[in-house]
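*Asks:* My structure is below; once you've seen it, I'll send some questions.
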Number of protein chains: 2
Amino acid sequence: MSVTKEEIITFARQYDPQPMHVDPSAAGFSIYGGLIASGWQTVSLLMRLIVTSLLVDSTSLGSPGVDELRWPLPVRPGDTLSGHMLVLEARPSNSRPTMGIVRWRGELRNQHGQLVLTLVGTNFFGRRTAER
Amino acid sequence: MSVTKEEIITFARQYDPQPMHVDPSAAGFSIYGGLIASGWQTVSLLMRLIVTSLLVDSTSLGSPGVDELRWPLPVRPGDTLSGHMLVLEARPSNSRPTMGIVRWRGELRNQHGQLVLTLVGTNFFGRRTAER
């Protein structure tokens, strides 16, 4: 999954119009030394990867939230990102037995193998068999 | 800040193409009973509010991450959102004295006063005076 300068600027103009995300020349003078993606775009790119490779064929019912979202390094134009998910816990909901709750750790790395995003997510799914 | 059906679908087609976010009729049969915004769009809308009303005139240097991001209720087409920030802590960086670190709690509410998003963020800023 590659990220272009145009995608970075388009997202940031709408949702995070800070100079480091929308203005390549101003970004060049920032502590980042050049244009970087909004962290909210980076996490949205992980979401796209998860939806298209996993949730599309699932009984996904949404998410109550995420924890420990971190951006250890910036994403720059031309970076190629790859994602990884690790299931930490999967259990039936106590209050809604037809629903399962999955906790997972997600990460994105750039083409140099460097971590650019980590998080711990929680998601709800419909269960194949409901124990009542 | 209002959210339209078109904005919800446009964002979700690119970043979170689950039926509840992109397909109004499929969403009608979901547990949400209609189209809802991707949670990543909701938090991006809070970011836009923060950038345009506060960070635009600041020495913002980016963020290492956020914690306890929660979506207690979905955002629906036509909702009008308002945001609130509370500074929890502001201190100089130990390793970089010219930089300050601010921890804050953010929230978004809909037109009924209901919370639709909460988070605890950390942001870096340049300091007006650097104590060395």
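To be explicit about the labels: the chains of the structure tokens are called A, B, and onward in the order shown, and within each one the residues are counted from 1, while ligands get numbers from 1 in the order they are shown.
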Please report as CSV every residue of chain A lying within 6 Å of chain B, along with the nearest atom pair and their distance in Å (one decimal), using only C-alpha atoms.

*Replies:*
```
residue,atom,partner,partner_atom,distance
A:Tyr15,CA,B:Arg48,CA,4.7
A:Asp16,CA,B:Arg48,CA,5.3
A:Ser44,CA,B:Tyr15,CA,5.5
A:Arg48,CA,B:Tyr15,CA,4.7
A:Pro64,CA,B:Trp71,CA,5.4
A:Gly65,CA,B:Arg70,CA,4.2
A:Val66,CA,B:Leu69,CA,5.3
A:Asp67,CA,B:Glu68,CA,4.9
A:Glu68,CA,B:Asp67,CA,4.9
A:Leu69,CA,B:Val66,CA,5.3
A:Arg70,CA,B:Gly65,CA,4.2
A:Trp71,CA,B:Pro64,CA,5.5
```

*Asks:* Give me the residues near His112 of chain A as a ChimeraX atom specification, where near means some atom within 10 Å (using only C-alpha atoms) and where sequence neighbours in that chain fewer than 5 positions away do not count.

*Replies:* /A:79-81

*Asks:* What lies within 12 Å of Gln111 of chain A using only C-alpha atoms, ignoring chain neighbours under 6 positions off, as a VMD selection string?

*Replies:* chain A and resid 1 to 3 75 to 83

*Asks:* For a quick check of understanding, using only C-alpha atoms, which of B:Gly106, B:Met99, B:Arg128, B:Val22 has the smallest distance to Thr10 of chain B?

*Replies:*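 Of the candidates, the smallest distance to Thr10 of chain B is held by B:Val22.
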
*Asks:* Give the alpha helix (DSSP H) residues of segment 3-122 of chain A, as DSSP finds them on the backbone, and put them as a PDB file with N, CA, C and O atoms, in the first residue's frame.

*Replies:*
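Here's the written file part-v6.pdb:
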```pdb
ATOM      1  N   LYS A   5       2.062  11.968  -2.427  1.00  0.00           N
ATOM      2  CA  LYS A   5       2.005  13.338  -1.927  1.00  0.00           C
ATOM      3  C   LYS A   5       0.593  13.900  -2.084  1.00  0.00           C
ATOM      4  O   LYS A   5       0.077  14.572  -1.187  1.00  0.00           O
ATOM      5  N   GLU A   6      -0.040  13.587  -3.225  1.00  0.00           N
ATOM      6  CA  GLU A   6      -1.379  14.121  -3.479  1.00  0.00           C
ATOM      7  C   GLU A   6      -2.385  13.580  -2.448  1.00  0.00           C
ATOM      8  O   GLU A   6      -3.242  14.314  -1.958  1.00  0.00           O
ATOM      9  N   GLU A   7      -2.297  12.284  -2.126  1.00  0.00           N
ATOM     10  CA  GLU A   7      -3.209  11.707  -1.132  1.00  0.00           C
ATOM     11  C   GLU A   7      -3.010  12.356   0.235  1.00  0.00           C
ATOM     12  O   GLU A   7      -3.972  12.604   0.969  1.00  0.00           O
ATOM     13  N   ILE A   8      -1.749  12.582   0.584  1.00  0.00           N
ATOM     14  CA  ILE A   8      -1.447  13.193   1.891  1.00  0.00           C
ATOM     15  C   ILE A   8      -2.054  14.596   1.972  1.00  0.00           C
ATOM     16  O   ILE A   8      -2.717  14.953   2.947  1.00  0.00           O
ATOM     17  N   ILE A   9      -1.861  15.378   0.910  1.00  0.00           N
ATOM     18  CA  ILE A   9      -2.352  16.763   0.924  1.00  0.00           C
ATOM     19  C   ILE A   9      -3.879  16.800   0.862  1.00  0.00           C
ATOM     20  O   ILE A   9      -4.524  17.595   1.557  1.00  0.00           O
ATOM     21  N   THR A  10      -4.490  15.930   0.049  1.00  0.00           N
ATOM     22  CA  THR A  10      -5.952  15.905  -0.067  1.00  0.00           C
ATOM     23  C   THR A  10      -6.608  15.580   1.269  1.00  0.00           C
ATOM     24  O   THR A  10      -7.561  16.250   1.701  1.00  0.00           O
ATOM     25  N   PHE A  11      -6.108  14.558   1.946  1.00  0.00           N
ATOM     26  CA  PHE A  11      -6.670  14.199   3.258  1.00  0.00           C
ATOM     27  C   PHE A  11      -6.500  15.354   4.237  1.00  0.00           C
ATOM     28  O   PHE A  11      -7.434  15.755   4.923  1.00  0.00           O
ATOM     29  N   ALA A  12      -5.280  15.889   4.283  1.00  0.00           N
ATOM     30  CA  ALA A  12      -4.961  16.895   5.303  1.00  0.00           C
ATOM     31  C   ALA A  12      -5.710  18.200   5.064  1.00  0.00           C
ATOM     32  O   ALA A  12      -6.107  18.873   6.017  1.00  0.00           O
ATOM     33  N   ARG A  13      -5.926  18.571   3.799  1.00  0.00           N
ATOM     34  CA  ARG A  13      -6.687  19.809   3.542  1.00  0.00           C
ATOM     35  C   ARG A  13      -8.064  19.716   4.171  1.00  0.00           C
ATOM     36  O   ARG A  13      -8.604  20.703   4.663  1.00  0.00           O
ATOM     37  N   GLN A  14      -8.635  18.502   4.138  1.00  0.00           N
ATOM     38  CA  GLN A  14      -9.990  18.355   4.673  1.00  0.00           C
ATOM     39  C   GLN A  14     -10.016  18.142   6.191  1.00  0.00           C
ATOM     40  O   GLN A  14     -10.908  18.639   6.861  1.00  0.00           O
ATOM     41  N   TYR A  15      -9.039  17.410   6.721  1.00  0.00           N
ATOM     42  CA  TYR A  15      -9.166  16.973   8.113  1.00  0.00           C
ATOM     43  C   TYR A  15      -8.048  17.410   9.056  1.00  0.00           C
ATOM     44  O   TYR A  15      -8.217  17.339  10.272  1.00  0.00           O
ATOM     45  N   PRO A  19       0.593  22.955   8.429  1.00  0.00           N
ATOM     46  CA  PRO A  19       1.594  23.129   7.356  1.00  0.00           C
ATOM     47  C   PRO A  19       2.401  21.859   7.067  1.00  0.00           C
ATOM     48  O   PRO A  19       2.676  21.556   5.907  1.00  0.00           O
ATOM     49  N   MET A  20       2.756  21.109   8.110  1.00  0.00           N
ATOM     50  CA  MET A  20       3.581  19.911   7.887  1.00  0.00           C
ATOM     51  C   MET A  20       2.862  18.842   7.063  1.00  0.00           C
ATOM     52  O   MET A  20       3.485  17.922   6.526  1.00  0.00           O
ATOM     53  N   HIS A  21       1.512  18.965   6.942  1.00  0.00           N
ATOM     54  CA  HIS A  21       0.723  17.975   6.190  1.00  0.00           C
ATOM     55  C   HIS A  21       0.212  18.497   4.847  1.00  0.00           C
ATOM     56  O   HIS A  21      -0.216  17.706   4.006  1.00  0.00           O
ATOM     57  N   VAL A  22       0.165  19.825   4.674  1.00  0.00           N
ATOM     58  CA  VAL A  22      -0.442  20.365   3.439  1.00  0.00           C
ATOM     59  C   VAL A  22       0.500  21.219   2.599  1.00  0.00           C
ATOM     60  O   VAL A  22       0.199  21.505   1.443  1.00  0.00           O
ATOM     61  N   PRO A  24       4.313  21.483   1.277  1.00  0.00           N
ATOM     62  CA  PRO A  24       5.643  20.857   1.197  1.00  0.00           C
ATOM     63  C   PRO A  24       6.779  21.816   1.529  1.00  0.00           C
ATOM     64  O   PRO A  24       7.750  21.413   2.186  1.00  0.00           O
ATOM     65  N   SER A  25       6.674  23.092   1.122  1.00  0.00           N
ATOM     66  CA  SER A  25       7.826  23.954   1.393  1.00  0.00           C
ATOM     67  C   SER A  25       7.883  24.343   2.863  1.00  0.00           C
ATOM     68  O   SER A  25       8.955  24.319   3.479  1.00  0.00           O
ATOM     69  N   ALA A  26       6.730  24.651   3.481  1.00  0.00           N
ATOM     70  CA  ALA A  26       6.722  24.927   4.924  1.00  0.00           C
ATOM     71  C   ALA A  26       7.168  23.680   5.697  1.00  0.00           C
ATOM     72  O   ALA A  26       7.903  23.776   6.687  1.00  0.00           O
ATOM     73  N   ALA A  27       6.711  22.505   5.239  1.00  0.00           N
ATOM     74  CA  ALA A  27       7.078  21.250   5.912  1.00  0.00           C
ATOM     75  C   ALA A  27       8.583  21.029   5.872  1.00  0.00           C
ATOM     76  O   ALA A  27       9.164  20.452   6.800  1.00  0.00           O
ATOM     77  N   GLY A  28       9.225  21.524   4.798  1.00  0.00           N
ATOM     78  CA  GLY A  28      10.669  21.373   4.677  1.00  0.00           C
ATOM     79  C   GLY A  28      11.432  22.098   5.782  1.00  0.00           C
ATOM     80  O   GLY A  28      12.535  21.704   6.155  1.00  0.00           O
ATOM     81  N   GLY A  39      -1.433  11.756  11.094  1.00  0.00           N
ATOM     82  CA  GLY A  39      -1.556  10.464  11.782  1.00  0.00           C
ATOM     83  C   GLY A  39      -2.932   9.855  11.630  1.00  0.00           C
ATOM     84  O   GLY A  39      -3.095   8.631  11.654  1.00  0.00           O
ATOM     85  N   TRP A  40      -3.949  10.720  11.431  1.00  0.00           N
ATOM     86  CA  TRP A  40      -5.314  10.196  11.263  1.00  0.00           C
ATOM     87  C   TRP A  40      -5.484   9.548   9.896  1.00  0.00           C
ATOM     88  O   TRP A  40      -6.306   8.644   9.725  1.00  0.00           O
ATOM     89  N   GLN A  41      -4.699  10.002   8.919  1.00  0.00           N
ATOM     90  CA  GLN A  41      -4.700   9.310   7.636  1.00  0.00           C
ATOM     91  C   GLN A  41      -3.951   7.980   7.764  1.00  0.00           C
ATOM     92  O   GLN A  41      -4.398   6.960   7.236  1.00  0.00           O
ATOM     93  N   THR A  42      -2.853   7.969   8.494  1.00  0.00           N
ATOM     94  CA  THR A  42      -2.090   6.721   8.663  1.00  0.00           C
ATOM     95  C   THR A  42      -2.974   5.639   9.287  1.00  0.00           C
ATOM     96  O   THR A  42      -3.008   4.500   8.813  1.00  0.00           O
ATOM     97  N   VAL A  43      -3.691   5.998  10.337  1.00  0.00           N
ATOM     98  CA  VAL A  43      -4.540   4.977  10.980  1.00  0.00           C
ATOM     99  C   VAL A  43      -5.717   4.612  10.074  1.00  0.00           C
ATOM    100  O   VAL A  43      -6.172   3.469  10.063  1.00  0.00           O
ATOM    101  N   SER A  44      -6.191   5.566   9.263  1.00  0.00           N
ATOM    102  CA  SER A  44      -7.271   5.251   8.319  1.00  0.00           C
ATOM    103  C   SER A  44      -6.773   4.297   7.234  1.00  0.00           C
ATOM    104  O   SER A  44      -7.539   3.453   6.738  1.00  0.00           O
ATOM    105  N   LEU A  45      -5.494   4.412   6.869  1.00  0.00           N
ATOM    106  CA  LEU A  45      -4.918   3.482   5.891  1.00  0.00           C
ATOM    107  C   LEU A  45      -4.826   2.072   6.480  1.00  0.00           C
ATOM    108  O   LEU A  45      -5.094   1.080   5.789  1.00  0.00           O
ATOM    109  N   LEU A  46      -4.483   1.961   7.764  1.00  0.00           N
ATOM    110  CA  LEU A  46      -4.513   0.638   8.414  1.00  0.00           C
ATOM    111  C   LEU A  46      -5.939   0.096   8.394  1.00  0.00           C
ATOM    112  O   LEU A  46      -6.167  -1.086   8.121  1.00  0.00           O
ATOM    113  N   MET A  47      -6.915   0.977   8.671  1.00  0.00           N
ATOM    114  CA  MET A  47      -8.312   0.531   8.670  1.00  0.00           C
ATOM    115  C   MET A  47      -8.692  -0.019   7.300  1.00  0.00           C
ATOM    116  O   MET A  47      -9.338  -1.065   7.203  1.00  0.00           O
ATOM    117  N   ARG A  48      -8.288   0.700   6.237  1.00  0.00           N
ATOM    118  CA  ARG A  48      -8.619   0.219   4.890  1.00  0.00           C
ATOM    119  C   ARG A  48      -8.031  -1.176   4.645  1.00  0.00           C
ATOM    120  O   ARG A  48      -8.689  -2.052   4.102  1.00  0.00           O
ATOM    121  N   LEU A  49      -6.806  -1.367   5.087  1.00  0.00           N
ATOM    122  CA  LEU A  49      -6.152  -2.664   4.911  1.00  0.00           C
ATOM    123  C   LEU A  49      -6.930  -3.750   5.664  1.00  0.00           C
ATOM    124  O   LEU A  49      -7.150  -4.861   5.143  1.00  0.00           O
ATOM    125  N   ILE A  50      -7.356  -3.437   6.880  1.00  0.00           N
ATOM    126  CA  ILE A  50      -8.082  -4.416   7.693  1.00  0.00           C
ATOM    127  C   ILE A  50      -9.449  -4.717   7.085  1.00  0.00           C
ATOM    128  O   ILE A  50      -9.875  -5.873   7.008  1.00  0.00           O
ATOM    129  N   VAL A  51     -10.138  -3.674   6.614  1.00  0.00           N
ATOM    130  CA  VAL A  51     -11.475  -3.889   6.041  1.00  0.00           C
ATOM    131  C   VAL A  51     -11.372  -4.742   4.774  1.00  0.00           C
ATOM    132  O   VAL A  51     -12.091  -5.731   4.624  1.00  0.00           O
ATOM    133  N   THR A  52     -10.463  -4.370   3.867  1.00  0.00           N
ATOM    134  CA  THR A  52     -10.444  -5.041   2.565  1.00  0.00           C
ATOM    135  C   THR A  52      -9.854  -6.449   2.650  1.00  0.00           C
ATOM    136  O   THR A  52     -10.167  -7.298   1.826  1.00  0.00           O
ATOM    137  N   SER A  53      -9.021  -6.711   3.662  1.00  0.00           N
ATOM    138  CA  SER A  53      -8.394  -8.026   3.709  1.00  0.00           C
ATOM    139  C   SER A  53      -9.037  -8.935   4.738  1.00  0.00           C
ATOM    140  O   SER A  53      -8.767 -10.128   4.756  1.00  0.00           O
TER     141      SER A  53
END
```
